>>> print(open('data-v3.tsv').read())   # TSV, C-alpha atoms
chain	number	residue	atom	x	y	z
P	18	MET	CA	-131.66	-117.75	221.70
P	19	GLY	CA	-129.76	-115.17	219.57
P	20	GLY	CA	-126.50	-116.98	220.32
P	21	TRP	CA	-127.96	-120.18	218.97
P	22	ASN	CA	-128.97	-118.38	215.74
P	23	ARG	CA	-125.47	-117.07	215.24
P	24	LEU	CA	-124.01	-120.49	215.86
P	25	LEU	CA	-126.42	-121.96	213.34
P	26	VAL	CA	-125.37	-119.42	210.67
P	27	VAL	CA	-121.69	-120.16	211.31
P	28	ALA	CA	-122.30	-123.90	211.16
P	29	LEU	CA	-124.25	-123.66	207.93
P	30	GLY	CA	-121.54	-121.44	206.41
P	31	ILE	CA	-118.84	-123.94	207.36
P	32	LEU	CA	-120.92	-126.75	205.89
P	33	LEU	CA	-121.49	-124.81	202.63
P	34	VAL	CA	-117.83	-123.91	202.21
P	35	SER	CA	-116.72	-127.46	202.91
P	36	TRP	CA	-119.21	-128.70	200.29
P	37	SER	CA	-118.40	-126.18	197.55
P	38	GLY	CA	-114.64	-125.56	198.04
P	39	PRO	CA	-112.92	-122.20	198.55
P	40	ALA	CA	-114.40	-120.72	195.34
P	41	ALA	CA	-118.04	-121.72	195.79
P	42	SER	CA	-120.73	-119.93	193.75
P	43	ALA	CA	-123.28	-119.97	196.62
P	44	PHE	CA	-122.78	-118.28	199.98
P	45	TRP	CA	-124.59	-116.84	202.98
P	46	SER	CA	-125.16	-113.13	203.09
P	47	SER	CA	-126.00	-111.24	206.27
P	48	VAL	CA	-129.16	-109.13	205.99
P	49	SER	CA	-129.04	-107.41	209.39
P	50	SER	CA	-126.51	-105.20	211.02
P	51	ASN	CA	-126.17	-107.46	214.07
P	52	GLY	CA	-125.59	-110.58	211.97
P	53	ALA	CA	-128.63	-112.31	213.55
P	54	ALA	CA	-130.23	-113.02	210.17
P	55	ALA	CA	-128.78	-114.29	206.90
P	56	LYS	CA	-129.91	-115.54	203.54
P	57	SER	CA	-128.26	-117.46	200.75
P	58	ASP	CA	-126.94	-115.74	197.58
P	59	SER	CA	-125.16	-117.06	194.50
P	60	LEU	CA	-123.10	-115.92	191.51
P	61	ALA	CA	-124.72	-116.26	188.10
P	62	GLN	CA	-122.97	-117.82	185.13
P	63	GLY	CA	-120.65	-115.45	183.26
P	64	SER	CA	-121.86	-113.94	179.98
P	65	LYS	CA	-120.55	-115.37	176.72
P	66	PRO	CA	-117.68	-113.12	175.56
P	67	SER	CA	-117.05	-111.68	172.10
P	68	THR	CA	-113.58	-111.77	170.61
P	69	SER	CA	-111.62	-110.33	167.70
P	70	ALA	CA	-108.02	-110.67	166.57
P	71	THR	CA	-105.61	-108.04	165.32
P	72	GLY	CA	-102.40	-109.73	164.40
P	73	THR	CA	-101.40	-111.84	167.41
P	74	ASN	CA	-103.52	-109.77	169.82
P	75	VAL	CA	-106.99	-111.00	170.82
P	76	SER	CA	-109.53	-108.53	172.24
P	77	ILE	CA	-112.15	-109.99	174.61
P	78	THR	CA	-115.30	-108.16	175.75
P	79	TRP	CA	-118.23	-109.34	177.90
P	80	ALA	CA	-121.32	-108.10	179.74
P	81	ALA	CA	-121.33	-107.39	183.49
P	82	SER	CA	-122.40	-110.12	185.95
P	83	THR	CA	-124.19	-109.85	189.32
P	84	THR	CA	-125.26	-112.21	192.06
P	85	ALA	CA	-128.80	-113.54	192.23
P	86	ALA	CA	-129.51	-110.82	194.77
P	87	GLY	CA	-128.17	-108.13	192.44
P	88	ARG	CA	-124.80	-107.57	194.07
P	89	ALA	CA	-122.01	-106.46	191.71
P	90	VAL	CA	-119.13	-108.84	191.22
P	91	THR	CA	-115.57	-107.76	191.97
P	92	GLY	CA	-113.88	-109.13	188.87
P	93	TYR	CA	-113.58	-111.82	186.24
P	94	SER	CA	-111.23	-114.65	185.41
P	95	ILE	CA	-110.45	-115.16	181.72
P	96	ALA	CA	-109.41	-118.44	180.14
P	97	ARG	CA	-109.10	-119.93	176.68
P	98	TYR	CA	-109.50	-123.41	175.25
P	99	GLY	CA	-108.28	-125.06	172.10
P	100	SER	CA	-111.74	-126.42	171.27
P	101	ALA	CA	-115.40	-125.37	171.46
P	102	THR	CA	-116.08	-128.04	174.14
P	103	GLY	CA	-113.84	-129.97	176.49
P	104	GLY	CA	-110.13	-129.53	176.28
P	105	THR	CA	-107.62	-128.01	178.68
P	106	ARG	CA	-108.29	-124.71	180.38
P	107	VAL	CA	-105.47	-122.23	179.71
P	108	PRO	CA	-105.47	-119.09	181.89
P	109	ALA	CA	-105.23	-115.92	179.82
P	110	THR	CA	-102.00	-113.97	180.02
P	111	GLY	CA	-100.82	-110.36	180.03
P	112	ALA	CA	-103.58	-107.79	180.53
P	113	CYS	CA	-106.14	-110.64	180.79
P	114	ALA	CA	-104.30	-112.54	183.55
P	115	GLY	CA	-105.55	-112.88	187.14
P	116	THR	CA	-108.65	-110.93	188.15
P	117	VAL	CA	-109.79	-108.43	185.53
P	118	THR	CA	-111.95	-105.66	186.99
P	119	SER	CA	-113.12	-104.14	183.68
P	120	LEU	CA	-115.36	-105.63	180.97
P	121	ALA	CA	-112.66	-105.94	178.33
P	122	CYS	CA	-109.05	-106.90	177.98
P	123	VAL	CA	-106.51	-107.67	175.27
P	124	GLU	CA	-104.34	-110.77	175.40
P	125	ALA	CA	-101.15	-110.07	173.48
P	126	ASN	CA	-98.88	-112.49	171.63
P	127	VAL	CA	-101.43	-115.31	171.56
P	128	PRO	CA	-99.93	-118.54	170.14
P	129	ALA	CA	-100.99	-119.86	166.76
P	130	GLY	CA	-104.25	-121.81	166.62
P	131	THR	CA	-107.98	-121.27	167.01
P	132	TRP	CA	-108.99	-120.27	170.55
P	133	TYR	CA	-112.31	-120.20	172.42
P	134	TYR	CA	-112.55	-117.81	175.38
P	135	ALA	CA	-114.65	-118.10	178.55
P	136	VAL	CA	-115.33	-115.67	181.42
P	137	THR	CA	-115.90	-116.59	185.09
P	138	PRO	CA	-117.39	-113.93	187.42
P	139	MET	CA	-115.82	-113.59	190.87
P	140	LEU	CA	-116.84	-112.03	194.18
P	141	ALA	CA	-114.15	-112.06	196.82
P	142	LEU	CA	-113.45	-115.77	197.51
P	143	TRP	CA	-116.46	-116.95	195.55
P	144	GLN	CA	-116.67	-117.56	191.85
P	145	GLY	CA	-119.57	-118.18	189.54
P	146	GLN	CA	-120.04	-120.64	186.76
P	147	GLU	CA	-117.82	-120.27	183.73
P	148	SER	CA	-119.55	-118.73	180.72
P	149	ALA	CA	-120.30	-120.38	177.44
P	150	ARG	CA	-117.27	-120.20	175.20
P	151	SER	CA	-116.85	-117.57	172.53
P	152	ALA	CA	-116.72	-118.28	168.84
P	153	GLY	CA	-113.35	-119.47	167.68
P	154	THR	CA	-110.74	-116.75	167.16
P	155	THR	CA	-107.56	-117.30	165.15
P	156	PRO	CA	-104.72	-114.83	165.75
P	157	VAL	CA	-102.63	-114.01	162.69
P	158	THR	CA	-99.02	-114.89	163.37
P	159	ASP	CA	-97.69	-113.07	160.32
P	160	THR	CA	-95.19	-110.58	161.67
P	161	MET	CA	-93.68	-109.46	158.35
P	162	PRO	CA	-94.51	-105.77	157.82
P	163	PRO	CA	-95.49	-104.54	154.36
P	164	ALA	CA	-93.14	-102.41	152.33
P	165	ALA	CA	-93.25	-98.66	152.72
P	166	PRO	CA	-95.81	-97.08	150.38
P	167	THR	CA	-94.67	-94.94	147.50
P	168	VAL	CA	-95.73	-91.32	147.86
P	169	THR	CA	-95.34	-88.92	144.95
P	170	ALA	CA	-95.90	-85.19	145.14
P	171	PRO	CA	-95.36	-82.20	142.85
P	172	ALA	CA	-91.99	-80.57	143.38
P	173	LEU	CA	-93.53	-77.11	143.64
P	174	VAL	CA	-96.96	-75.90	144.74
P	175	ASN	CA	-98.48	-72.53	145.46
P	176	SER	CA	-101.97	-72.06	146.94
P	177	LEU	CA	-103.66	-74.55	144.64
P	178	ASN	CA	-105.39	-77.49	146.25
P	179	VAL	CA	-103.27	-80.58	146.43
P	180	GLY	CA	-105.36	-83.75	146.48
P	181	ASN	CA	-104.76	-87.44	147.13
P	182	VAL	CA	-105.83	-89.40	144.06
P	183	PRO	CA	-106.35	-93.19	144.28
P	184	VAL	CA	-104.24	-95.50	142.14
P	185	GLY	CA	-105.64	-95.46	138.62
P	186	GLY	CA	-107.31	-92.08	139.17
P	187	THR	CA	-106.68	-88.97	137.15
P	188	ALA	CA	-105.64	-85.54	138.29
P	189	GLU	CA	-104.40	-82.28	136.91
P	190	ALA	CA	-100.64	-82.27	136.48
P	191	ASN	CA	-98.63	-80.51	139.18
P	192	SER	CA	-101.66	-80.04	141.44
P	193	THR	CA	-102.06	-83.41	143.15
P	194	VAL	CA	-100.37	-85.86	145.45
P	195	THR	CA	-100.84	-89.49	144.38
P	196	LEU	CA	-100.48	-92.11	147.12
P	197	THR	CA	-99.80	-95.76	146.25
P	198	VAL	CA	-99.19	-98.68	148.60
P	199	SER	CA	-96.48	-101.05	147.41
P	200	GLY	CA	-96.67	-103.64	150.23
P	201	ALA	CA	-98.39	-106.88	149.24
P	202	GLY	CA	-101.53	-107.44	151.32
P	203	ALA	CA	-101.59	-103.91	152.68
P	204	SER	CA	-105.14	-103.17	153.76
P	205	SER	CA	-104.91	-99.63	155.04
P	206	PHE	CA	-102.54	-96.72	155.42
P	207	SER	CA	-102.08	-93.82	157.78
P	208	GLN	CA	-101.20	-90.45	156.34
P	209	THR	CA	-99.69	-87.35	157.87
P	210	ILE	CA	-98.33	-84.00	156.81
P	211	ILE	CA	-95.26	-82.81	158.65
P	212	ALA	CA	-92.92	-79.80	158.59
P	213	ASN	CA	-95.21	-76.84	157.93
P	214	SER	CA	-98.10	-78.57	159.68
P	215	ALA	CA	-98.88	-81.91	161.28
P	216	GLY	CA	-102.03	-83.98	161.13
P	217	GLY	CA	-104.13	-86.34	159.08
P	218	TRP	CA	-104.45	-86.26	155.33
P	219	THR	CA	-107.44	-87.97	153.77
P	220	ALA	CA	-108.70	-88.66	150.29
P	221	ALA	CA	-110.18	-85.18	150.18
P	222	PRO	CA	-108.00	-82.47	148.55
P	223	VAL	CA	-105.36	-81.08	150.84
P	224	ASP	CA	-105.58	-77.30	150.86
P	225	VAL	CA	-102.00	-76.03	150.99
P	226	SER	CA	-103.07	-72.41	151.49
P	227	ARG	CA	-102.86	-73.03	155.26
P	228	PHE	CA	-99.15	-73.81	155.01
P	229	THR	CA	-96.36	-71.28	155.08
P	230	ASP	CA	-93.84	-71.15	152.26
P	231	GLY	CA	-91.21	-73.84	152.49
P	232	THR	CA	-91.00	-77.62	152.39
P	233	ILE	CA	-94.10	-79.73	152.99
P	234	THR	CA	-93.45	-83.41	153.68
P	235	PHE	CA	-96.14	-86.02	153.01
P	236	SER	CA	-95.69	-89.28	154.94
P	237	ALA	CA	-97.65	-92.56	154.83
P	238	LYS	CA	-97.39	-96.00	156.44
P	239	ALA	CA	-99.06	-99.18	155.19
P	240	THR	CA	-100.74	-101.73	157.48
P	241	ASP	CA	-101.46	-105.27	156.30
P	242	ALA	CA	-104.34	-107.58	157.21
P	243	ALA	CA	-102.30	-109.03	160.10
P	244	GLY	CA	-101.97	-105.61	161.69
P	245	ASN	CA	-98.31	-105.20	160.77
P	246	THR	CA	-97.31	-101.63	159.98
P	247	GLY	CA	-94.34	-100.99	157.72
P	248	GLY	CA	-91.96	-98.08	157.44
P	249	ALA	CA	-92.92	-94.65	156.21
P	250	GLY	CA	-92.80	-93.58	152.60
P	251	THR	CA	-92.35	-89.85	152.10
P	252	ALA	CA	-92.40	-87.20	149.42
P	253	THR	CA	-91.83	-83.47	149.63
P	254	SER	CA	-93.22	-80.40	147.93
P	255	LYS	CA	-91.87	-76.91	148.13
P	256	LYS	CA	-94.56	-74.32	148.58
P	257	LYS	CA	-93.84	-70.92	147.09
P	258	SER	CA	-96.59	-68.34	147.08
P	259	THR	CA	-94.40	-65.24	146.80
P	260	PRO	CA	-94.54	-64.01	143.18
P	261	PRO	CA	-91.24	-63.57	141.30
P	262	THR	CA	-89.90	-60.14	140.46
P	263	VAL	CA	-87.40	-58.65	138.02
P	264	ALA	CA	-84.20	-58.35	140.00
P	265	ASN	CA	-82.13	-56.47	137.42
P	266	VAL	CA	-81.65	-55.55	133.77
P	267	GLU	CA	-78.11	-54.87	132.66
P	268	LEU	CA	-76.49	-53.79	129.38
P	269	ALA	CA	-72.93	-54.85	128.56
P	270	ASN	CA	-70.50	-53.84	125.83
P	271	VAL	CA	-68.69	-56.58	123.97
P	272	ALA	CA	-65.01	-56.89	124.80
P	273	GLY	CA	-63.06	-54.69	122.42
P	274	GLY	CA	-66.19	-52.92	121.23
P	275	VAL	CA	-67.01	-49.25	121.09
P	276	ALA	CA	-68.30	-48.08	124.45
P	277	GLY	CA	-71.69	-46.40	124.16
P	278	LYS	CA	-72.52	-47.89	120.75
P	279	ILE	CA	-74.91	-50.74	119.92
P	280	GLU	CA	-72.98	-53.41	118.02
P	281	LYS	CA	-72.44	-57.10	117.47
P	282	GLY	CA	-71.60	-58.99	120.67
P	283	ASP	CA	-73.30	-56.54	123.04
P	284	THR	CA	-75.55	-58.23	125.60
P	285	VAL	CA	-78.73	-57.57	127.57
P	286	THR	CA	-79.07	-59.65	130.77
P	287	ILE	CA	-82.42	-59.85	132.58
P	288	THR	CA	-82.32	-61.44	136.02
P	289	PHE	CA	-85.40	-62.59	137.97
P	290	SER	CA	-85.77	-63.22	141.70
P	291	ASP	CA	-86.68	-66.88	141.11
P	292	VAL	CA	-86.61	-69.58	138.48
P	293	ILE	CA	-88.94	-68.75	135.61
P	294	ASN	CA	-91.16	-71.32	133.92
P	295	GLY	CA	-89.57	-71.53	130.48
P	296	LYS	CA	-92.81	-72.67	128.87
P	297	THR	CA	-94.46	-69.36	129.80
P	298	VAL	CA	-91.75	-67.52	127.86
P	299	CYS	CA	-91.81	-69.80	124.81
P	300	ASN	CA	-94.28	-72.70	124.54
P	301	THR	CA	-91.67	-75.04	123.04
P	302	TRP	CA	-89.27	-74.65	125.96
P	303	PRO	CA	-89.25	-76.88	129.06
P	304	VAL	CA	-90.72	-75.76	132.39
P	305	THR	CA	-87.34	-75.97	134.13
P	306	GLY	CA	-83.75	-76.20	132.98
P	307	SER	CA	-82.31	-74.02	130.23
P	308	PHE	CA	-82.70	-73.35	126.52
P	309	THR	CA	-80.62	-71.54	123.90
P	310	VAL	CA	-81.77	-70.27	120.50
P	311	ASN	CA	-79.07	-69.30	118.01
P	312	GLY	CA	-78.08	-69.82	114.42
P	313	ASN	CA	-78.61	-68.00	111.16
P	314	ASN	CA	-81.50	-65.56	111.48
P	315	GLN	CA	-83.09	-67.55	114.33
P	316	VAL	CA	-83.09	-64.60	116.73
P	317	THR	CA	-83.82	-61.04	115.70
P	318	VAL	CA	-83.13	-58.13	118.01
P	319	ASN	CA	-84.91	-54.91	117.10
P	320	VAL	CA	-84.28	-51.42	118.45
P	321	SER	CA	-86.94	-48.80	117.75
P	322	PRO	CA	-86.17	-45.11	117.06
P	323	ASN	CA	-87.20	-44.35	120.63
P	324	ASN	CA	-84.55	-46.80	121.90
P	325	VAL	CA	-86.80	-49.69	122.96
P	326	LEU	CA	-85.25	-53.13	122.39
P	327	SER	CA	-87.37	-56.21	121.65
P	328	VAL	CA	-86.68	-59.76	120.47
P	329	SER	CA	-88.43	-62.22	118.17
P	330	LEU	CA	-87.67	-65.91	117.53
P	331	THR	CA	-88.42	-68.23	114.64
P	332	GLY	CA	-90.74	-71.12	115.57
P	333	CYS	CA	-91.96	-69.46	118.74
P	334	ALA	CA	-94.17	-66.51	119.61
P	335	LEU	CA	-91.81	-65.16	122.24
P	336	ASN	CA	-93.49	-63.91	125.43
P	337	LEU	CA	-90.75	-61.85	127.06
P	338	GLY	CA	-91.31	-58.09	127.04
P	339	SER	CA	-89.22	-55.07	126.03
P	340	VAL	CA	-86.18	-53.17	127.28
P	341	ASN	CA	-86.03	-49.39	127.32
P	342	LEU	CA	-82.32	-48.70	126.85
P	343	GLY	CA	-82.51	-45.57	128.98
P	344	ALA	CA	-80.52	-43.36	126.59
P	345	GLY	CA	-80.50	-42.13	122.97
P	346	TYR	CA	-78.44	-44.77	121.21
P	347	THR	CA	-80.20	-44.32	117.87
P	348	SER	CA	-82.79	-42.21	116.08
P	349	THR	CA	-83.55	-44.87	113.45
P	350	ALA	CA	-84.81	-48.45	113.61
P	351	LEU	CA	-82.07	-51.05	113.99
P	352	SER	CA	-82.22	-54.82	113.46
P	353	PHE	CA	-79.65	-57.46	114.47
P	354	SER	CA	-80.02	-61.08	113.35
P	355	GLY	CA	-77.00	-62.04	111.23
P	356	SER	CA	-75.73	-65.31	109.86
P	357	GLY	CA	-72.46	-67.20	109.87
P	358	ASN	CA	-69.73	-67.58	112.45
P	359	GLY	CA	-68.15	-64.19	111.94
P	360	ASN	CA	-64.56	-64.06	113.01
P	361	GLY	CA	-64.80	-67.40	114.82
P	362	THR	CA	-64.87	-65.74	118.25
P	363	THR	CA	-68.07	-63.73	118.09
P	364	PRO	CA	-70.67	-65.26	115.75
P	365	ASN	CA	-72.57	-63.04	113.36
P	366	PHE	CA	-75.95	-64.44	114.45
P	367	SER	CA	-77.91	-63.15	117.43
P	368	SER	CA	-78.72	-65.56	120.27
P	369	MET	CA	-80.95	-65.84	123.31
P	370	THR	CA	-80.32	-68.08	126.31
P	371	TRP	CA	-82.72	-68.77	129.18
P	372	SER	CA	-81.28	-70.51	132.21
P	373	GLY	CA	-83.41	-70.72	135.34
P	374	ASN	CA	-83.76	-67.16	136.59
P	375	ARG	CA	-81.81	-65.43	133.81
P	376	VAL	CA	-82.26	-64.44	130.17
P	377	VAL	CA	-79.23	-63.29	128.12
P	378	ILE	CA	-79.73	-61.66	124.70
P	379	THR	CA	-76.61	-61.36	122.53
P	380	LEU	CA	-76.68	-59.13	119.45
P	381	GLY	CA	-75.48	-60.46	116.13
P	382	SER	CA	-74.44	-58.48	113.09
P	383	GLY	CA	-76.83	-55.83	111.83
P	384	VAL	CA	-76.98	-52.47	110.13
P	385	SER	CA	-73.81	-50.50	110.01
P	386	GLY	CA	-75.41	-47.06	110.26
P	387	GLY	CA	-77.87	-45.37	112.53
P	388	ASN	CA	-75.89	-45.68	115.77
P	389	THR	CA	-74.89	-42.78	117.92
P	390	VAL	CA	-72.33	-43.08	120.70
P	391	GLN	CA	-73.75	-42.64	124.18
P	392	SER	CA	-71.04	-40.97	126.22
P	393	ASP	CA	-72.76	-41.12	129.62
P	394	PRO	CA	-71.77	-44.39	131.37
P	395	ALA	CA	-74.56	-44.00	133.96
P	396	VAL	CA	-77.36	-45.38	131.78
P	397	PHE	CA	-80.32	-47.01	133.53
P	398	ALA	CA	-82.16	-49.43	131.29
P	399	SER	CA	-85.59	-50.71	132.32
P	400	PHE	CA	-87.47	-53.91	131.50
P	401	THR	CA	-91.24	-54.23	131.06
P	402	PRO	CA	-92.22	-57.92	131.24
P	403	ALA	CA	-94.93	-59.42	129.05
P	404	GLY	CA	-98.01	-60.83	130.75
P	405	ASN	CA	-98.47	-64.47	131.79
P	406	ILE	CA	-94.84	-65.17	132.73
P	407	THR	CA	-94.78	-67.29	135.90
P	408	ASP	CA	-92.34	-69.08	138.14
P	409	THR	CA	-92.36	-72.88	138.24
P	410	ALA	CA	-94.94	-72.84	141.05
P	411	GLY	CA	-97.36	-70.85	138.87
P	412	ASN	CA	-96.97	-67.50	140.62
P	413	PRO	CA	-97.26	-64.65	138.06
P	414	LEU	CA	-94.50	-62.18	137.35
P	415	SER	CA	-95.58	-58.56	137.72
P	416	THR	CA	-95.82	-56.64	134.44
P	417	ALA	CA	-94.63	-53.39	136.02
P	418	ALA	CA	-91.47	-51.87	134.51
P	419	VAL	CA	-88.31	-52.32	136.60
P	420	THR	CA	-85.22	-50.14	136.25
P	421	GLY	CA	-81.85	-51.87	136.50
P	422	THR	CA	-78.46	-50.79	137.80
P	423	ALA	CA	-76.25	-48.35	135.93
P	424	SER	CA	-74.83	-49.96	132.79
P	425	ARG	CA	-74.49	-49.35	129.04
P	426	PHE	CA	-73.53	-50.96	125.81
>>> encode(input="data-v3.tsv", output="structure tokens")
Amino acid sequence: MGGWNRLLVVALGILLVSWSGPAASAFWSSVSSNGAAAKSDSLAQGSKPSTSATGTNVSITWAASTTAAGRAVTGYSIARYGSATGGTRVPATGACAGTVTSLACVEANVPAGTWYYAVTPMLALWQGQESARSAGTTPVTDTMPPAAPTVTAPALVNSLNVGNVPVGGTAEANSTVTLTVSGAGASSFSQTIIANSAGGWTAAPVDVSRFTDGTITFSAKATDAAGNTGGAGTATSKKKSTPPTVANVELANVAGGVAGKIEKGDTVTITFSDVINGKTVCNTWPVTGSFTVNGNNQVTVNVSPNNVLSVSLTGCALNLGSVNLGAGYTSTALSFSGSGNGNGTTPNFSSMTWSGNRVVITLGSGVSGGNTVQSDPAVFASFTPAGNITDTAGNPLSTAAVTGTASRF
């Protein structure tokens, strides 16, 4: 009798396969270990997929399918149509081709048009009913990337916060990075910081205190609505958090002058370890570059009875400091300002030139008396800076007195 049952199962299976084709949705399933009993099972219709397009790529997702008896399917077949109903079935390509075992896939380089996707569950040789079609999805065939965004950054920063300010926003000068996207249709941008550090950079202020001194590069790429990403726009800042120092103060006697005596043409040169912000020395000067003040009575160099040299300018409250000459050049107050061109080689007027990390003071004509000759060539002048002098990154210069190398007028 058991043999007859097995023959009946086989016969019914053959009949079912011949009726439904090789990919039938209904099949017999054995329910006993000896194969003596069986029951019918079937694959349910696939779930309606959801789709989205990024450029020419279409992402398809769907819910899992099972048989009527609760058995898991082994995969899914994905297809697309050119209309919501009817039309020609086009098998999906690329990562969506063949049997897909996950619940999502991305079909790349989809042709232009509006496409409707359907999912068919599969179990071995059997397949279920194709799902309802998705909403229409139109891939964007624009492949032209946007232009690189324009990134601007301050040339120098210290440990101030550097923030990203939207176009049209306001920010404190020399403390922000402003990012603009120049590509037409750009919808987003990715931002990174490279060199000192790497990683994202958002609209929140970027704290540069975590970076070491050196060059910081800000990089951004624009992405348009079609998903095209353009080239990188970059800008760099130099971080400098080490404060400047006075490197040297040096006295020099004018060529042909009397060694050891203060006179017209003698110079005082103050050298700093870094470029000094000119505006912190005189508010009418630029931040960087150079500036010279000369002319009739524009610069006055004073020497006190205790041999301390200081300078004043017309039209500017000079913020420089004083120089202790380091020796007894005079016991009376001296003043050098002068007017006229003198002998045509050395002008009568005093002058002062600032150039980056150096200040040179040149004495003009002054009093004829009051000088004494300093015979010792090993004179060590010292410079005491005024407060609030900074470098171009805003780091303050120490106000401690610094003694220079051996020199003399």
>>> closest_residue(input="data-v3.tsv", among="P:Ile406, P:Ala101, P:Ala135, P:Val174", to="Trp79 (chain P)", atoms="only C-alpha atoms")
P:Ala135
>>> residues_around(input="data-v3.tsv", residues="Ser207 (chain P)", least_positions_apart="6", cutoff="9 Å", atoms="only C-alpha atoms", output="PyMOL selection string")
chain P and resi 217-219+236-240
>>> residues_around(input="data-v3.tsv", residues="region 75-78 of chain P", least_positions_apart="5", cutoff="8 Å", atoms="only C-alpha atoms", output="ChimeraX atom specification")
/P:66-70,120-125,127,134,154,156
>>> closest_residue(input="data-v3.tsv", among="P:Ser392, P:Asn175, P:Ser356, P:Thr251", to="Asp408 (chain P)", atoms="all atoms listed in the file")
P:Asn175
>>> closest_residue(input="data-v3.tsv", among="P:Asn126, P:Ser204, P:Ser64, P:Thr420", to="Pro166 (chain P)", atoms="all atoms listed in the file")
P:Ser204
>>> residues_around(input="data-v3.tsv", residues="Gly338 (chain P)", least_positions_apart="6", cutoff="10 Å", atoms="only C-alpha atoms", output="list in words")
Val298, Leu326, Ser327, Val328, Phe400, Thr401, Pro402, Ala403, Gly404, Ile406, Thr416 and Ala418 of chain P
>>> closest_residue(input="data-v3.tsv", among="P:Val390, P:Ala43, P:Ile210, P:Ala114", to="Ala86 (chain P)", atoms="only C-alpha atoms")
P:Ala43
>>> closest_residue(input="data-v3.tsv", among="P:Asn323, P:Ser42, P:Thr102, P:Thr110", to="Ala141 (chain P)", atoms="all atoms listed in the file")
P:Ser42
>>> decode(input="data-v3.tsv", residues="region 135-148 of chain P", atoms="N, CA and C atoms", output="PDB file, in the first residue's frame")
ATOM      1  N   ALA P 135       9.264  45.558 -10.619  1.00  0.00           N
ATOM      2  CA  ALA P 135       8.479  44.487 -10.017  1.00  0.00           C
ATOM      3  C   ALA P 135       9.427  43.418  -9.483  1.00  0.00           C
ATOM      4  N   VAL P 136       8.964  42.699  -8.433  1.00  0.00           N
ATOM      5  CA  VAL P 136       9.781  41.682  -7.769  1.00  0.00           C
ATOM      6  C   VAL P 136       9.026  40.358  -7.813  1.00  0.00           C
ATOM      7  N   THR P 137       9.719  39.281  -8.182  1.00  0.00           N
ATOM      8  CA  THR P 137       9.136  37.935  -8.215  1.00  0.00           C
ATOM      9  C   THR P 137       9.895  37.050  -7.234  1.00  0.00           C
ATOM     10  N   PRO P 138       9.215  36.489  -6.200  1.00  0.00           N
ATOM     11  CA  PRO P 138       9.905  35.598  -5.263  1.00  0.00           C
ATOM     12  C   PRO P 138      10.191  34.256  -5.922  1.00  0.00           C
ATOM     13  N   MET P 139      11.268  33.606  -5.487  1.00  0.00           N
ATOM     14  CA  MET P 139      11.682  32.332  -6.073  1.00  0.00           C
ATOM     15  C   MET P 139      12.102  31.372  -4.976  1.00  0.00           C
ATOM     16  N   LEU P 140      11.793  30.085  -5.215  1.00  0.00           N
ATOM     17  CA  LEU P 140      12.213  29.015  -4.304  1.00  0.00           C
ATOM     18  C   LEU P 140      12.659  27.844  -5.157  1.00  0.00           C
ATOM     19  N   ALA P 141      13.960  27.675  -5.237  1.00  0.00           N
ATOM     20  CA  ALA P 141      14.530  26.634  -6.085  1.00  0.00           C
ATOM     21  C   ALA P 141      14.022  26.803  -7.514  1.00  0.00           C
ATOM     22  N   LEU P 142      13.290  25.764  -8.057  1.00  0.00           N
ATOM     23  CA  LEU P 142      12.795  25.846  -9.421  1.00  0.00           C
ATOM     24  C   LEU P 142      11.446  26.536  -9.523  1.00  0.00           C
ATOM     25  N   TRP P 143      10.870  26.875  -8.364  1.00  0.00           N
ATOM     26  CA  TRP P 143       9.541  27.462  -8.378  1.00  0.00           C
ATOM     27  C   TRP P 143       9.627  28.981  -8.239  1.00  0.00           C
ATOM     28  N   GLN P 144       8.673  29.640  -8.789  1.00  0.00           N
ATOM     29  CA  GLN P 144       8.619  31.090  -8.635  1.00  0.00           C
ATOM     30  C   GLN P 144       7.190  31.524  -8.351  1.00  0.00           C
ATOM     31  N   GLY P 145       7.070  32.584  -7.579  1.00  0.00           N
ATOM     32  CA  GLY P 145       5.760  33.092  -7.223  1.00  0.00           C
ATOM     33  C   GLY P 145       5.243  34.074  -8.253  1.00  0.00           C
ATOM     34  N   GLN P 146       4.162  34.724  -7.868  1.00  0.00           N
ATOM     35  CA  GLN P 146       3.561  35.696  -8.768  1.00  0.00           C
ATOM     36  C   GLN P 146       4.303  37.018  -8.664  1.00  0.00           C
ATOM     37  N   GLU P 147       4.507  37.652  -9.791  1.00  0.00           N
ATOM     38  CA  GLU P 147       5.205  38.932  -9.813  1.00  0.00           C
ATOM     39  C   GLU P 147       4.434  39.971  -9.000  1.00  0.00           C
ATOM     40  N   SER P 148       5.148  40.825  -8.321  1.00  0.00           N
ATOM     41  CA  SER P 148       4.532  41.839  -7.457  1.00  0.00           C
ATOM     42  C   SER P 148       3.856  42.924  -8.267  1.00  0.00           C
TER      43      SER P 148
END
